[in-house]
file entry35.txt (compact mmCIF, C-alpha atoms)
# COMPACT_ATOMS: atom_id res chain seq x y z
CA MET O 1 0.00 0.00 0.00
CA ASN O 2 2.86 2.38 0.81
CA THR O 3 4.33 1.80 -2.64
CA LEU O 4 1.09 2.75 -4.35
CA ILE O 5 0.73 5.92 -2.29
CA VAL O 6 4.31 7.03 -3.03
CA ILE O 7 3.84 6.45 -6.75
CA LEU O 8 0.51 8.32 -6.79
CA ILE O 9 1.92 11.29 -4.89
CA PHE O 10 4.97 11.51 -7.16
CA GLY O 11 2.90 11.19 -10.33
CA SER O 12 0.27 13.69 -9.24
CA LEU O 13 2.92 16.25 -8.25
CA LEU O 14 4.57 15.91 -11.66
CA LEU O 15 1.25 16.18 -13.49
CA LEU O 16 0.11 19.21 -11.51
CA SER O 17 3.48 20.92 -11.95
CA PHE O 18 3.28 20.35 -15.71
CA LEU O 19 -0.23 21.79 -15.82
CA LEU O 20 0.74 24.87 -13.82
CA ILE O 21 3.93 25.51 -15.80
CA THR O 22 2.13 25.28 -19.15
CA ASN O 23 -0.81 27.31 -17.74
CA PRO O 24 -3.43 26.47 -20.39
CA VAL O 25 -6.00 28.97 -19.04
CA LYS O 26 -3.49 31.86 -19.12
CA VAL O 27 -4.47 33.22 -15.68
CA ASN O 28 -1.83 34.74 -13.36
CA LYS O 29 0.99 33.37 -15.49
CA LYS O 30 3.96 34.17 -13.25
CA ALA O 31 2.39 32.87 -10.05
CA ASN O 32 1.23 29.65 -11.68
CA PHE O 33 4.63 29.14 -13.32
CA TRP O 34 6.53 29.58 -10.05
CA PHE O 35 4.11 27.36 -8.13
CA GLY O 36 4.51 24.73 -10.85
CA VAL O 37 8.27 24.91 -10.34
CA VAL O 38 7.71 24.51 -6.58
CA LEU O 39 5.65 21.38 -7.15
CA PHE O 40 8.26 19.99 -9.53
CA LEU O 41 10.99 20.60 -6.96
CA TRP O 42 8.79 19.09 -4.28
CA SER O 43 8.42 15.97 -6.40
CA THR O 44 12.21 15.47 -6.18
CA PHE O 45 11.74 14.61 -2.50
CA TRP O 46 9.47 11.77 -3.58
CA LEU O 47 11.89 10.82 -6.36
CA GLU O 48 14.25 9.56 -3.68
CA GLU O 49 11.46 7.32 -2.39
CA ILE O 50 10.82 6.02 -5.90
CA PHE O 51 14.53 5.21 -6.30
CA ALA O 52 14.44 3.35 -2.97
CA LEU O 53 11.38 1.37 -4.09
CA ILE O 54 13.01 0.19 -7.31
CA ARG O 55 16.33 -0.39 -5.49
CA PHE O 56 18.17 2.11 -7.67
CA ASP O 57 21.04 2.76 -5.27
CA ILE O 58 23.57 5.30 -6.43
CA GLN O 59 26.33 5.97 -3.94
CA SER O 60 27.87 8.82 -5.90
CA ASP O 61 27.45 12.22 -4.27
CA LEU O 62 27.91 13.77 -7.70
CA PHE O 63 24.58 12.26 -8.79
CA TRP O 64 22.68 13.53 -5.74
CA LEU O 65 24.25 17.00 -5.61
CA PRO O 66 21.98 18.71 -8.21
CA ILE O 67 18.90 17.01 -6.75
CA ARG O 68 19.72 18.08 -3.20
CA PHE O 69 20.56 21.61 -4.34
CA SER O 70 17.18 21.89 -6.07
CA GLN O 71 15.55 20.62 -2.88
CA PHE O 72 17.37 23.37 -1.00
CA LEU O 73 15.86 25.96 -3.34
CA THR O 74 12.28 24.73 -2.87
CA PRO O 75 11.31 27.04 0.03
CA ILE O 76 12.86 30.06 -1.67
CA VAL O 77 10.92 29.45 -4.88
CA PHE O 78 7.79 28.83 -2.78
CA TYR O 79 8.22 32.24 -1.14
CA TYR O 80 8.40 33.97 -4.52
CA SER O 81 5.41 32.05 -5.88
CA ILE O 82 3.37 33.23 -2.89
CA ALA O 83 4.66 36.77 -3.47
CA TYR O 84 3.33 36.60 -7.05
CA TYR O 85 -0.03 35.26 -5.86
CA ALA O 86 -0.34 38.03 -3.27
CA ASN O 87 0.83 40.77 -5.64
CA PRO O 88 0.63 39.94 -9.36
CA ASN O 89 2.72 43.05 -10.15
CA PHE O 90 5.60 41.87 -7.93
CA ARG O 91 9.07 42.61 -9.32
CA PHE O 92 12.38 41.17 -8.20
CA LYS O 93 14.72 43.66 -6.59
CA LYS O 94 18.27 43.36 -5.32
CA LYS O 95 17.04 43.26 -1.74
CA ASP O 96 15.00 40.14 -2.61
CA LEU O 97 18.22 38.21 -3.17
CA MET O 98 18.77 38.32 0.59
CA HIS O 99 16.35 35.37 0.87
CA VAL O 100 18.71 33.25 -1.19
CA VAL O 101 21.70 34.07 1.02
CA PHE O 102 19.99 33.80 4.41

call {"tool": "encode", "arguments": {"input": "entry35.txt", "output": "C-alpha cells"}}
result
Amino acid sequence: MNTLIVILIFGSLLLLSFLLITNPVKVNKKANFWFGVVLFLWSTFWLEEIFALIRFDIQSDLFWLPIRFSQFLTPIVFYYSIAYYANPNFRFKKKDLMHVVF
C-alpha cells in the first residue's frame, strides 16, 4: 500500500506541476509558473522514495548534488510564488536576493 501511495503522490505532483507551468488557461501566469516549479521541486523529494522502491542505489554524491541543491531551493521558490499570488505586479529587486543568502 505504501508503494502505491508514493507512486501516486509523485505522479500527481509531476502532473500538476506540468499543468501549472504550461498554464493552459493563461491566468496569473507568473504565479502559476513559479508554483509549478515549486511542485516539480517538491516531487524530487518523492523521487528519492521512488529510487528506494526500485532499489536504484547510487552511492555517488555527484549524482545527488543537483537534486539536493534543487531541494534546497524549494522554500525560496515557494516564497516567490506566494509573493506573485499576493501581488501579481511583484518585481524582483536586489534586496529580494537576501532570501537566497539567508

call {"tool": "atom_distance", "arguments": {"input": "entry35.txt", "atom1": "CA of Leu41 in chain O", "atom2": "CA of Ile67 in chain O"}}
result
8.7 Å

call {"tool": "closest_residue", "arguments": {"input": "entry35.txt", "among": "O:Val27, O:Leu97, O:Ile50, O:Ile58", "to": "Leu8 in chain O", "atoms": "all atoms listed in the file"}}
result
O:Ile50

call {"tool": "residues_around", "arguments": {"input": "entry35.txt", "residues": "Lys29 in chain O", "least_positions_apart": "4", "cutoff": "12 Å", "atoms": "all atoms listed in the file", "output": "PyMOL selection string"}}
result
chain O and resi 19-25+33-36+81+84-85+88-89

call {"tool": "residues_near_point", "arguments": {"input": "entry35.txt", "point": "(12.4, 31.5, -2.6)", "cutoff": "10 Å", "atoms": "only C-alpha atoms", "output": "list in words"}}
result
Trp34, Val38, Phe72, Leu73, Thr74, Pro75, Ile76, Val77, Phe78, Tyr79, Tyr80, Ser81, Ile82, Ala83, Asp96, Leu97, Met98, His99 and Val100 of chain O

call {"tool": "atom_distance", "arguments": {"input": "entry35.txt", "atom1": "CA of Gly11 in chain O", "atom2": "CA of Trp64 in chain O"}}
result
20.4 Å

call {"tool": "atom_distance", "arguments": {"input": "entry35.txt", "atom1": "CA of Asn32 in chain O", "atom2": "CA of Ile5 in chain O"}}
result
25.5 Å

call {"tool": "residues_around", "arguments": {"input": "entry35.txt", "residues": "Leu47 in chain O", "least_positions_apart": "6", "cutoff": "12 Å", "atoms": "all atoms listed in the file", "output": "compact mmCIF listing (two decimals) with C-alpha atoms, in the coordinates of the input"}}
result
# COMPACT_ATOMS: atom_id res chain seq x y z
CA VAL O 6 4.31 7.03 -3.03
CA ILE O 7 3.84 6.45 -6.75
CA LEU O 8 0.51 8.32 -6.79
CA ILE O 9 1.92 11.29 -4.89
CA PHE O 10 4.97 11.51 -7.16
CA GLY O 11 2.90 11.19 -10.33
CA LEU O 13 2.92 16.25 -8.25
CA LEU O 14 4.57 15.91 -11.66
CA PHE O 40 8.26 19.99 -9.53
CA LEU O 41 10.99 20.60 -6.96
CA LEU O 53 11.38 1.37 -4.09
CA ILE O 54 13.01 0.19 -7.31
CA PHE O 56 18.17 2.11 -7.67
CA TRP O 64 22.68 13.53 -5.74
CA ILE O 67 18.90 17.01 -6.75
CA ARG O 68 19.72 18.08 -3.20
CA GLN O 71 15.55 20.62 -2.88

call {"tool": "closest_residue", "arguments": {"input": "entry35.txt", "among": "O:Gln59, O:Ser43, O:Thr3, O:Asn28", "to": "Ala86 in chain O", "atoms": "all atoms listed in the file"}}
result
O:Asn28

call {"tool": "axis_aligned_box", "arguments": {"input": "entry35.txt", "around": "range 25-34 of chain O", "padding_each_side": "4 Å", "output": "JSON"}}
result
{"center_x": 0.3, "center_y": 31.9, "center_z": -14.6, "size_x": 20.5, "size_y": 13.8, "size_z": 17.1}
